[in-house]
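Notes to accompany the following structure.
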Amino acid sequence: MSAPPDLPDVVSRAFAVSRRAGYASFCRNETGRLLAALAATRAGTMAEFGTGCGVGTAWLRSGVRGDVRIITAELDPKLATAAAEIFVDDPQVEVLAADWSTLLDKGPFSLLFLDSGEPTEVGVDAIADLVEDGGIVVLDDFTPCEMWPPITGGRVDTLREQWLTDPRFTSVEVMVASDAAALIATKR
């Protein structure tokens with residue numbers, strides 16, 4: 001696993017850290033480029049829940065302009081320490097070895113990036129108040145779905161359904177690759 005040469009330097013460093021840590025679960029380049037583009041439109045404070053080794057954070061950082069701050073939380077202390085290596089000299093990025101709930105009092109966020117995980121943790125009701133009006137939530141790691149209601153693994157994908165129908169957000173599912181999709185939700 002190696003980073004292609006056309007990646008931003010901070011993303012290449014994140015891939016190198018992931019490789020050294022033996023961590024193979026990280027933000028895809030297609031999603032990363034989307035994150036960088038969205039980060040370029042934001043001001044204020046951004047956050048990420050579930051840092052891993054910092055590849056998603058690096059993609060966010062590659063798109064940031066100005067004084068934007070990024071706070072990211074990773075529950076696994078070894079992964080958080082690895083991710084912190086990438087940003088050791090970057091005052092705009094703070095990596096916390098902590099549960100995402102430690103970020104609850106650090107918002108509201110202009111952009112929030114998180115993996116599609118347990119609906120109780122990343123469902124609309126758990127996240128809505130963490131995002132400022134006009135702020136963006138990006139959830140990745142979805143399998144593209146062309147039907148309604150969305151079906152994954154033979155069941156209704158309730159997390160996707162929540163985000164796509166909640167009146168507090170204008171949301172869209174975007175295919176980032178033939179086998180991967182992300183949800184982008186803008187708070188009204």
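Just remember, in the structure tokens the first chain shown is A, the second B, etc., residues are 1-based per chain, and ligands are 1-based in the order shown.
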For this session: Within segment 15-103 of chain A, find each residue whose DSSP state, derived from the backbone, is helix (DSSP H, G or I), and express the selection as a ChimeraX atom specification.
Result: /A:15-21,29-39,55-63,77-86,100-103
Output C-alpha atoms of each residue in that selection to a file, as a compact mmCIF listing (two decimals), in the first residue's frame.
```txt
# COMPACT_ATOMS: atom_id res chain seq x y z
CA PHE A 15 -0.38 7.20 4.37
CA ALA A 16 3.19 6.64 5.56
CA VAL A 17 2.09 6.84 9.21
CA SER A 18 -0.78 4.42 8.53
CA ARG A 19 1.60 1.99 6.85
CA ARG A 20 4.06 2.10 9.79
CA ALA A 21 1.19 1.57 12.24
CA ASN A 29 -8.71 8.98 -1.96
CA GLU A 30 -12.02 9.64 -3.75
CA THR A 31 -13.68 10.59 -0.46
CA GLY A 32 -10.57 12.51 0.56
CA ARG A 33 -10.68 14.70 -2.52
CA LEU A 34 -14.34 15.44 -1.76
CA LEU A 35 -13.39 16.36 1.83
CA ALA A 36 -10.62 18.68 0.62
CA ALA A 37 -13.02 20.44 -1.76
CA LEU A 38 -15.63 20.88 0.97
CA ALA A 39 -13.02 22.01 3.51
CA VAL A 55 -5.75 10.14 6.56
CA GLY A 56 -9.20 11.79 6.56
CA THR A 57 -7.85 14.58 8.75
CA ALA A 58 -4.98 15.07 6.30
CA TRP A 59 -7.43 15.36 3.41
CA LEU A 60 -9.41 17.96 5.34
CA ARG A 61 -6.20 19.84 6.15
CA SER A 62 -5.14 19.80 2.50
CA GLY A 63 -8.23 21.79 1.57
CA PRO A 77 -4.71 5.83 21.91
CA LYS A 78 -2.14 4.11 19.65
CA LEU A 79 -3.90 5.34 16.51
CA ALA A 80 -4.35 8.83 17.98
CA THR A 81 -0.64 9.00 18.80
CA ALA A 82 0.22 7.92 15.25
CA ALA A 83 -2.13 10.55 13.77
CA ALA A 84 -0.73 13.26 16.04
CA GLU A 85 2.71 12.62 14.43
CA ILE A 86 1.41 13.99 11.14
CA TRP A 100 -15.96 11.57 19.99
CA SER A 101 -18.25 12.77 22.77
CA THR A 102 -15.34 14.87 24.11
CA LEU A 103 -15.97 17.15 21.13
```
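Distances here use only C-alpha atoms; by that measure, the residue among A:Asp166, A:Glu161, A:Glu48, A:Glu146 closest to Phe109 of chain A is A:Glu48.
Inside segment 24-107 of chain A, the residues DSSP reads as strand (DSSP E) when given the backbone are A:Thr45, A:Met46, A:Ala47, A:Glu48, A:Phe49, A:Arg69, A:Ile70, A:Ile71, A:Thr72, A:Ala73, A:Glu74, A:Val93, A:Glu94, A:Val95, A:Leu96, A:Ala97.
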Problem set entry | Residue contacts of Leu114 of chain A (12 Å, only C-alpha atoms) excluding same-chain residues fewer than 6 positions away, as a PyMOL selection string | chain A and resi 26-27+31+35+46-52+56-57+60+72-74+100+121-123+127+136-142+182-185
Problem set entry | Non-local contacts of Pro108 of chain A (12 Å; only C-alpha atoms; under 4 positions in same chain excluded) as a ChimeraX atom specification | /A:43-47,71,103-104,112,127-137,187
Would you mind exporting the chosen residues as a PDB file, in the first residue's frame, restricted to N, CA and C atoms?
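The resulting selection01.pdb:
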```
ATOM      1  N   ALA A  43     -15.117  27.956   7.022  1.00  0.00           N
ATOM      2  CA  ALA A  43     -14.368  28.776   7.971  1.00  0.00           C
ATOM      3  C   ALA A  43     -14.642  28.195   9.356  1.00  0.00           C
ATOM      4  N   GLY A  44     -14.057  28.759  10.379  1.00  0.00           N
ATOM      5  CA  GLY A  44     -14.360  28.318  11.748  1.00  0.00           C
ATOM      6  C   GLY A  44     -13.656  27.047  12.145  1.00  0.00           C
ATOM      7  N   THR A  45     -14.412  26.152  12.774  1.00  0.00           N
ATOM      8  CA  THR A  45     -13.851  24.902  13.297  1.00  0.00           C
ATOM      9  C   THR A  45     -14.508  23.712  12.633  1.00  0.00           C
ATOM     10  N   MET A  46     -13.672  22.784  12.179  1.00  0.00           N
ATOM     11  CA  MET A  46     -14.137  21.514  11.617  1.00  0.00           C
ATOM     12  C   MET A  46     -13.799  20.418  12.611  1.00  0.00           C
ATOM     13  N   ALA A  47     -14.499  19.282  12.485  1.00  0.00           N
ATOM     14  CA  ALA A  47     -14.213  18.157  13.371  1.00  0.00           C
ATOM     15  C   ALA A  47     -14.333  16.851  12.609  1.00  0.00           C
ATOM     16  N   ILE A  71     -10.388  19.722  14.712  1.00  0.00           N
ATOM     17  CA  ILE A  71     -10.257  18.917  15.920  1.00  0.00           C
ATOM     18  C   ILE A  71     -10.726  17.515  15.569  1.00  0.00           C
ATOM     19  N   LEU A 103     -15.867  15.994  22.022  1.00  0.00           N
ATOM     20  CA  LEU A 103     -15.975  17.153  21.134  1.00  0.00           C
ATOM     21  C   LEU A 103     -17.311  17.870  21.264  1.00  0.00           C
ATOM     22  N   LEU A 104     -18.219  17.316  22.065  1.00  0.00           N
ATOM     23  CA  LEU A 104     -19.563  17.883  22.163  1.00  0.00           C
ATOM     24  C   LEU A 104     -19.554  19.348  22.574  1.00  0.00           C
ATOM     25  N   LEU A 112     -18.299  18.571   9.650  1.00  0.00           N
ATOM     26  CA  LEU A 112     -18.113  17.426  10.535  1.00  0.00           C
ATOM     27  C   LEU A 112     -18.016  16.179   9.666  1.00  0.00           C
ATOM     28  N   ILE A 127     -26.245  14.132  16.091  1.00  0.00           N
ATOM     29  CA  ILE A 127     -25.278  15.016  15.440  1.00  0.00           C
ATOM     30  C   ILE A 127     -25.813  16.417  15.158  1.00  0.00           C
ATOM     31  N   ALA A 128     -27.101  16.572  14.940  1.00  0.00           N
ATOM     32  CA  ALA A 128     -27.673  17.824  14.423  1.00  0.00           C
ATOM     33  C   ALA A 128     -27.215  19.075  15.165  1.00  0.00           C
ATOM     34  N   ASP A 129     -27.195  19.049  16.478  1.00  0.00           N
ATOM     35  CA  ASP A 129     -26.846  20.249  17.236  1.00  0.00           C
ATOM     36  C   ASP A 129     -25.351  20.541  17.256  1.00  0.00           C
ATOM     37  N   LEU A 130     -24.539  19.644  16.705  1.00  0.00           N
ATOM     38  CA  LEU A 130     -23.089  19.854  16.685  1.00  0.00           C
ATOM     39  C   LEU A 130     -22.632  20.657  15.472  1.00  0.00           C
ATOM     40  N   VAL A 131     -23.558  20.902  14.546  1.00  0.00           N
ATOM     41  CA  VAL A 131     -23.224  21.567  13.292  1.00  0.00           C
ATOM     42  C   VAL A 131     -23.903  22.932  13.251  1.00  0.00           C
ATOM     43  N   GLU A 132     -23.136  23.948  12.856  1.00  0.00           N
ATOM     44  CA  GLU A 132     -23.705  25.289  12.761  1.00  0.00           C
ATOM     45  C   GLU A 132     -24.675  25.372  11.589  1.00  0.00           C
ATOM     46  N   ASP A 133     -25.554  26.364  11.605  1.00  0.00           N
ATOM     47  CA  ASP A 133     -26.450  26.578  10.476  1.00  0.00           C
ATOM     48  C   ASP A 133     -25.603  26.785   9.226  1.00  0.00           C
ATOM     49  N   GLY A 134     -25.938  26.095   8.164  1.00  0.00           N
ATOM     50  CA  GLY A 134     -25.152  26.145   6.938  1.00  0.00           C
ATOM     51  C   GLY A 134     -23.951  25.210   6.959  1.00  0.00           C
ATOM     52  N   GLY A 135     -23.720  24.538   8.096  1.00  0.00           N
ATOM     53  CA  GLY A 135     -22.607  23.605   8.228  1.00  0.00           C
ATOM     54  C   GLY A 135     -22.883  22.309   7.494  1.00  0.00           C
ATOM     55  N   ILE A 136     -21.818  21.569   7.236  1.00  0.00           N
ATOM     56  CA  ILE A 136     -21.899  20.354   6.437  1.00  0.00           C
ATOM     57  C   ILE A 136     -21.487  19.146   7.272  1.00  0.00           C
ATOM     58  N   VAL A 137     -22.249  18.065   7.125  1.00  0.00           N
ATOM     59  CA  VAL A 137     -21.885  16.775   7.699  1.00  0.00           C
ATOM     60  C   VAL A 137     -21.569  15.846   6.534  1.00  0.00           C
ATOM     61  N   LYS A 187     -26.847  21.699   6.983  1.00  0.00           N
ATOM     62  CA  LYS A 187     -27.860  22.090   7.970  1.00  0.00           C
ATOM     63  C   LYS A 187     -28.580  23.345   7.497  1.00  0.00           C
TER      64      LYS A 187
END
```
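Atom CA of Arg160 of chain A sits 24.2 Å away from atom CA of Thr41 of chain A.
As for atom CA of Arg69 of chain A and atom CA of Val124 of chain A, they are spaced 23.3 Å apart.
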For this session: Name all residues at most 8 Å from Gln92 of chain A (count only C-alpha atoms; drop same-chain ones fewer than 5 positions away) and give them as a list in words.
Result: Asp67, Val68, Arg69 and Ile70 of chain A
With N, CA and C atoms retained, write the just-selected residues as a PDB file, in the first residue's frame.
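Listing of again20.pdb after writing:
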```
ATOM      1  N   ASP A  67      -7.539  30.545   8.708  1.00  0.00           N
ATOM      2  CA  ASP A  67      -7.351  30.149  10.107  1.00  0.00           C
ATOM      3  C   ASP A  67      -8.254  29.015  10.575  1.00  0.00           C
ATOM      4  N   VAL A  68      -8.774  28.237   9.702  1.00  0.00           N
ATOM      5  CA  VAL A  68      -9.670  27.149  10.078  1.00  0.00           C
ATOM      6  C   VAL A  68      -8.952  26.194  11.022  1.00  0.00           C
ATOM      7  N   ARG A  69      -9.689  25.720  12.003  1.00  0.00           N
ATOM      8  CA  ARG A  69      -9.171  24.755  12.967  1.00  0.00           C
ATOM      9  C   ARG A  69      -9.824  23.406  12.729  1.00  0.00           C
ATOM     10  N   ILE A  70      -9.066  22.333  12.907  1.00  0.00           N
ATOM     11  CA  ILE A  70      -9.607  20.975  12.795  1.00  0.00           C
ATOM     12  C   ILE A  70      -9.334  20.268  14.113  1.00  0.00           C
TER      13      ILE A  70
END
```
